[in-house]
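**Student:** Sending over run.csv (CSV, C-alpha atoms).
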chain,number,residue,atom,x,y,z
A,1,MET,CA,5.7,26.0,-39.2
A,2,SER,CA,5.8,27.6,-42.6
A,3,ALA,CA,6.2,25.3,-45.6
A,4,SER,CA,9.6,26.7,-46.3
A,5,ALA,CA,10.7,26.2,-42.7
A,6,ALA,CA,9.4,22.7,-42.8
A,7,ARG,CA,11.5,21.7,-45.7
A,8,GLY,CA,15.0,20.5,-45.0
A,9,PRO,CA,18.2,21.0,-46.9
A,10,GLY,CA,17.7,21.3,-50.7
A,11,GLY,CA,14.0,22.1,-50.2
A,12,ARG,CA,13.2,18.5,-49.5
A,13,TRP,CA,10.5,17.5,-46.9
A,14,PRO,CA,12.0,15.9,-43.7
A,15,PRO,CA,10.9,12.4,-42.8
A,16,GLY,CA,7.6,12.3,-40.9
A,17,LEU,CA,6.1,15.3,-42.7
A,18,ARG,CA,3.5,14.9,-45.4
A,19,ARG,CA,3.1,17.7,-47.9
A,20,ALA,CA,-0.4,19.0,-48.6
A,21,THR,CA,-1.3,21.8,-50.9
A,22,LEU,CA,-4.1,24.2,-50.2
A,23,GLY,CA,-4.4,26.7,-53.1
A,24,ARG,CA,-0.9,28.1,-53.5
A,25,VAL,CA,0.1,27.3,-49.9
A,26,ASP,CA,2.1,24.2,-49.1
A,27,ILE,CA,1.2,22.8,-45.6
A,28,ALA,CA,3.5,20.4,-43.7
A,29,MET,CA,1.5,17.8,-41.9
A,30,GLY,CA,3.2,15.7,-39.3
A,31,SER,CA,2.5,13.6,-36.2
A,32,ASP,CA,5.4,15.0,-34.1
A,33,GLU,CA,5.1,18.7,-33.2
A,34,ARG,CA,8.3,20.6,-32.5
A,35,PRO,CA,8.2,22.2,-29.0
A,36,ASP,CA,9.1,25.6,-30.4
A,37,ASP,CA,6.2,25.4,-32.9
A,38,ALA,CA,3.7,24.4,-30.3
A,39,ALA,CA,4.9,27.1,-27.9
A,40,GLU,CA,4.7,29.7,-30.6
A,41,LEU,CA,1.2,28.6,-31.6
A,42,ARG,CA,0.0,28.7,-27.9
A,43,SER,CA,1.6,32.1,-27.3
A,44,LEU,CA,-0.2,33.6,-30.4
A,45,LEU,CA,-3.5,32.1,-29.4
A,46,TYR,CA,-3.1,33.3,-25.8
A,47,ALA,CA,-2.4,36.9,-27.1
A,48,TYR,CA,-5.5,36.8,-29.3
A,49,ASN,CA,-7.6,35.5,-26.4
A,50,GLU,CA,-6.3,38.2,-24.1
A,51,GLU,CA,-7.0,40.9,-26.8
A,52,CYS,CA,-10.5,39.7,-27.3
A,53,THR,CA,-11.5,39.3,-23.6
A,54,GLY,CA,-9.2,41.7,-21.7
A,55,TYR,CA,-8.3,38.9,-19.3
A,56,ARG,CA,-4.5,38.8,-18.8
A,57,ASP,CA,-4.5,36.7,-15.6
A,58,GLY,CA,-3.7,33.3,-17.0
A,59,GLN,CA,-1.6,31.1,-14.6
A,60,GLY,CA,-0.6,27.4,-14.6
A,61,LEU,CA,-2.4,25.2,-12.1
A,62,SER,CA,0.0,22.2,-11.6
A,63,CYS,CA,1.2,19.7,-9.0
A,64,TYR,CA,3.5,16.8,-9.6
A,65,LEU,CA,4.2,14.2,-6.9
A,66,ARG,CA,7.5,12.3,-7.2
A,67,ASP,CA,9.0,9.5,-5.2
A,68,ALA,CA,12.4,9.6,-3.6
A,69,ASP,CA,14.0,8.6,-6.9
A,70,GLY,CA,12.3,11.4,-8.8
A,71,THR,CA,9.9,9.1,-10.6
A,72,LEU,CA,6.4,10.6,-11.2
A,73,MET,CA,3.8,9.0,-9.0
A,74,ALA,CA,0.9,11.4,-9.8
A,75,GLY,CA,0.3,14.8,-11.3
A,76,LEU,CA,-2.3,17.4,-12.2
A,77,ASP,CA,-1.8,20.1,-14.8
A,78,GLY,CA,-4.2,22.8,-15.9
A,79,PHE,CA,-4.7,26.6,-15.6
A,80,THR,CA,-6.8,29.4,-14.3
A,81,TRP,CA,-7.8,32.4,-16.5
A,82,GLY,CA,-10.6,34.9,-16.7
A,83,GLY,CA,-12.5,33.6,-13.6
A,84,TYR,CA,-12.4,29.9,-14.4
A,85,GLY,CA,-10.1,27.0,-14.0
A,86,ARG,CA,-9.4,24.0,-16.2
A,87,ILE,CA,-7.8,20.6,-15.3
A,88,GLU,CA,-6.2,19.4,-18.5
A,89,PHE,CA,-4.4,16.3,-17.2
A,90,LEU,CA,-4.7,14.2,-14.1
A,91,TRP,CA,-2.8,10.9,-13.7
A,92,VAL,CA,-1.9,8.6,-10.9
A,93,ARG,CA,0.6,5.7,-11.3
A,94,ALA,CA,-1.2,2.3,-11.3
A,95,ASP,CA,0.4,1.1,-8.1
A,96,HIS,CA,-0.7,4.3,-6.3
A,97,ARG,CA,-4.3,4.4,-7.4
A,98,GLY,CA,-7.1,3.9,-4.8
A,99,ARG,CA,-5.1,5.7,-2.1
A,100,GLY,CA,-6.7,9.1,-2.5
A,101,LEU,CA,-3.9,10.8,-4.3
A,102,GLY,CA,-6.1,11.8,-7.3
A,103,ARG,CA,-8.8,13.1,-4.9
A,104,ARG,CA,-6.3,15.1,-3.0
A,105,LEU,CA,-4.8,16.6,-6.2
A,106,VAL,CA,-8.2,17.7,-7.4
A,107,GLU,CA,-9.2,19.1,-4.0
A,108,ALA,CA,-5.9,21.1,-4.0
A,109,ALA,CA,-6.7,22.4,-7.5
A,110,VAL,CA,-10.2,23.4,-6.4
A,111,GLU,CA,-8.9,25.2,-3.4
A,112,GLU,CA,-6.2,27.1,-5.5
A,113,ALA,CA,-8.7,28.0,-8.2
A,114,ARG,CA,-11.0,29.4,-5.6
A,115,ARG,CA,-8.2,31.4,-4.1
A,116,ARG,CA,-7.5,32.9,-7.5
A,117,GLY,CA,-11.1,33.9,-7.8
A,118,ALA,CA,-12.4,31.3,-10.2
A,119,SER,CA,-16.1,30.5,-10.0
A,120,THR,CA,-16.0,27.3,-12.0
A,121,LEU,CA,-13.6,24.5,-12.8
A,122,VAL,CA,-13.9,22.4,-15.9
A,123,LEU,CA,-12.3,19.3,-17.3
A,124,ASP,CA,-13.0,16.5,-19.7
A,125,THR,CA,-12.4,12.8,-19.4
A,126,HIS,CA,-13.3,9.7,-21.4
A,127,THR,CA,-15.9,7.1,-20.5
A,128,PHE,CA,-13.1,4.5,-20.0
A,129,GLN,CA,-11.2,6.9,-17.6
A,130,ALA,CA,-12.8,8.4,-14.6
A,131,PRO,CA,-16.2,10.1,-15.0
A,132,GLY,CA,-17.5,8.4,-11.8
A,133,PHE,CA,-14.5,9.7,-9.9
A,134,TYR,CA,-15.2,13.3,-10.8
A,135,ALA,CA,-19.0,12.9,-10.2
A,136,ALA,CA,-18.2,11.8,-6.7
A,137,LEU,CA,-16.2,15.0,-6.2
A,138,GLY,CA,-19.2,17.1,-7.3
A,139,PHE,CA,-18.5,17.6,-11.0
A,140,VAL,CA,-21.6,17.6,-13.3
A,141,GLU,CA,-21.7,16.5,-16.9
A,142,VAL,CA,-22.3,19.4,-19.2
A,143,GLY,CA,-21.5,17.9,-22.5
A,144,ARG,CA,-20.4,14.8,-24.4
A,145,THR,CA,-19.0,13.8,-27.7
A,146,THR,CA,-19.5,10.3,-29.0
A,147,GLY,CA,-17.0,8.0,-30.8
A,148,THR,CA,-14.0,9.9,-29.3
A,149,PRO,CA,-12.1,7.6,-29.5
A,150,ARG,CA,-14.1,5.1,-31.4
A,151,GLY,CA,-16.2,3.0,-29.1
A,152,HIS,CA,-16.0,5.5,-26.3
A,153,ASP,CA,-17.2,9.0,-25.4
A,154,GLN,CA,-15.5,12.2,-24.1
A,155,VAL,CA,-17.3,13.8,-21.2
A,156,LEU,CA,-17.1,17.5,-20.3
A,157,LEU,CA,-17.6,18.1,-16.6
A,158,GLN,CA,-18.0,21.3,-14.6
A,159,LEU,CA,-17.8,22.1,-10.9
A,160,ASP,CA,-19.4,25.3,-9.5
A,161,LEU,CA,-16.9,26.8,-7.1
A,162,ASP,CA,-19.3,29.4,-5.7
A,163,GLY,CA,-21.8,26.9,-4.3
Represent the supplied structure as structure tokens.

**Tutor:**
Amino acid sequence: MSASAARGPGGRWPPGLRRATLGRVDIAMGSDERPDDAAELRSLLYAYNEECTGYRDGQGLSCYLRDADGTLMAGLDGFTWGGYGRIEFLWVRADHRGRGLGRRLVEAAVEEARRRGASTLVLDTHTFQAPGFYAALGFVEVGRTTGTPRGHDQVLLQLDLDG
């Protein structure tokens, strides 16, 4: 969002945005993104990535399981692009954990990523989440950041889909 677009009526900054100045450019910093801004940013980055790599085959990789009332019970969201897949989010409602839903969602994502020609699937998780769960499914740790969040690590995992 441009600084002028960030300002409200009369040129004032809306609540929740903090003004920062970098040289002659005003930057609006906030904790709540506008969906249109995030979509525009992603679209521009995707176009740049496609231009640089030549890969224009990006597709969502998603599955959402809902109960009869429409309440989300479990879900997986990610993508495939350029010969690989990425799981960005996996969640199972607490009262449905331990029943194999997460495993089945990951297995479905693996199968679909393979069908699309991906040779690897990546994801990251935190040490307080599920690194053991993914290891049991064959994912291997390939990277780690510490103190993310403070007191925990973020673990990058990868699964070879060709093997």

**Student:** What does the distance from CA of Tyr64 in chain A to CA of Phe89 in chain A come to in Å, to one decimal?

**Tutor:**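 Between these atoms lies a distance of 11.0 Å.
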
**Student:** Write out as an MDAnalysis selection string the residues lying within 10 Å of Ala74 in chain A, counting all atoms listed in the file and excluding same-chain residues fewer than 3 positions away.

**Tutor:** chainID A and resid 63:67 71 90:94 96:97 101:102 105

**Student:** Which is closer to Arg104 in chain A than all the others in A:Glu51, A:Gln158, A:Leu76, A:Arg42, using all atoms listed in the file?

**Tutor:** A:Leu76

**Student:** Please indicate the distance in Å from CA of Arg116 in chain A to CA of Asp36 in chain A, rounded to one decimal place.

**Tutor:**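 That distance, rounded to one decimal, is 29.2 Å.
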
**Student:** When distances are computed from only C-alpha atoms, which of A:Leu121, A:Leu159, A:Leu44, A:Ala136 shows the smallest separation from Gly78 in chain A?

**Tutor:** A:Leu121

**Student:** A:Leu123, A:Met73, A:Thr145, A:Glu112: which is nearest Arg99 in chain A, counting only C-alpha atoms?

**Tutor:** A:Met73

**Student:** Work out how far CA of His126 in chain A is from CA of Gly75 in chain A, in Å to one decimal.

**Tutor:**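 Computing the Euclidean distance for CA of Gly75 in chain A and CA of His126 in chain A yields 17.7 Å.
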
**Student:** So, counting only C-alpha atoms, which residue among A:Ala38, A:Ile87, A:Ser119, A:Gly82 is closest to Tyr134 in chain A?

**Tutor:** A:Ile87

**Student:** Please write range 134-155 of chain A of the preceding block to a file containing N, CA and C atoms, as a CSV table (one decimal), in the first residue's frame?

**Tutor:**
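Generated file (selection-v4.csv):
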chain,number,residue,atom,x,y,z
A,134,TYR,N,6.0,-35.6,11.1
A,134,TYR,CA,6.5,-35.6,9.7
A,134,TYR,C,7.6,-36.6,9.5
A,135,ALA,N,8.5,-36.7,10.5
A,135,ALA,CA,9.6,-37.7,10.4
A,135,ALA,C,9.0,-39.1,10.2
A,136,ALA,N,8.0,-39.4,10.9
A,136,ALA,CA,7.4,-40.7,10.8
A,136,ALA,C,6.8,-41.0,9.4
A,137,LEU,N,6.5,-39.9,8.7
A,137,LEU,CA,6.0,-40.0,7.3
A,137,LEU,C,7.1,-39.9,6.3
A,138,GLY,N,8.4,-39.9,6.7
A,138,GLY,CA,9.5,-39.9,5.8
A,138,GLY,C,10.2,-38.6,5.5
A,139,PHE,N,9.7,-37.5,6.1
A,139,PHE,CA,10.3,-36.2,5.9
A,139,PHE,C,11.6,-36.2,6.7
A,140,VAL,N,12.6,-35.5,6.1
A,140,VAL,CA,13.9,-35.4,6.7
A,140,VAL,C,14.2,-33.9,6.9
A,141,GLU,N,14.8,-33.6,8.1
A,141,GLU,CA,15.1,-32.2,8.4
A,141,GLU,C,16.3,-31.8,7.5
A,142,VAL,N,16.1,-30.6,6.9
A,142,VAL,CA,17.1,-30.0,6.0
A,142,VAL,C,17.6,-28.6,6.4
A,143,GLY,N,16.9,-28.1,7.5
A,143,GLY,CA,17.3,-26.8,8.0
A,143,GLY,C,16.6,-26.5,9.3
A,144,ARG,N,17.1,-25.5,10.0
A,144,ARG,CA,16.5,-25.1,11.3
A,144,ARG,C,16.9,-23.7,11.6
A,145,THR,N,15.9,-22.9,12.1
A,145,THR,CA,16.2,-21.6,12.7
A,145,THR,C,15.9,-21.7,14.2
A,146,THR,N,16.7,-21.0,14.9
A,146,THR,CA,16.5,-21.0,16.4
A,146,THR,C,15.9,-19.8,16.9
A,147,GLY,N,15.2,-19.9,18.0
A,147,GLY,CA,14.5,-18.8,18.6
A,147,GLY,C,13.4,-18.2,17.8
A,148,THR,N,12.7,-19.1,17.1
A,148,THR,CA,11.6,-18.7,16.2
A,148,THR,C,10.4,-19.6,16.4
A,149,PRO,N,9.5,-19.2,17.3
A,149,PRO,CA,9.5,-18.1,18.2
A,149,PRO,C,10.5,-18.3,19.4
A,150,ARG,N,10.8,-17.3,20.2
A,150,ARG,CA,11.7,-17.4,21.3
A,150,ARG,C,11.4,-18.7,22.1
A,151,GLY,N,12.5,-19.4,22.4
A,151,GLY,CA,12.3,-20.6,23.2
A,151,GLY,C,12.1,-21.9,22.3
A,152,HIS,N,11.9,-21.7,21.0
A,152,HIS,CA,11.6,-22.8,20.1
A,152,HIS,C,12.3,-22.7,18.8
A,153,ASP,N,12.3,-23.7,18.0
A,153,ASP,CA,13.0,-23.7,16.7
A,153,ASP,C,11.9,-23.9,15.6
A,154,GLN,N,12.3,-23.4,14.4
A,154,GLN,CA,11.5,-23.7,13.3
A,154,GLN,C,12.3,-24.7,12.4
A,155,VAL,N,11.6,-25.8,12.0
A,155,VAL,CA,12.3,-26.9,11.3
A,155,VAL,C,11.8,-27.0,9.9
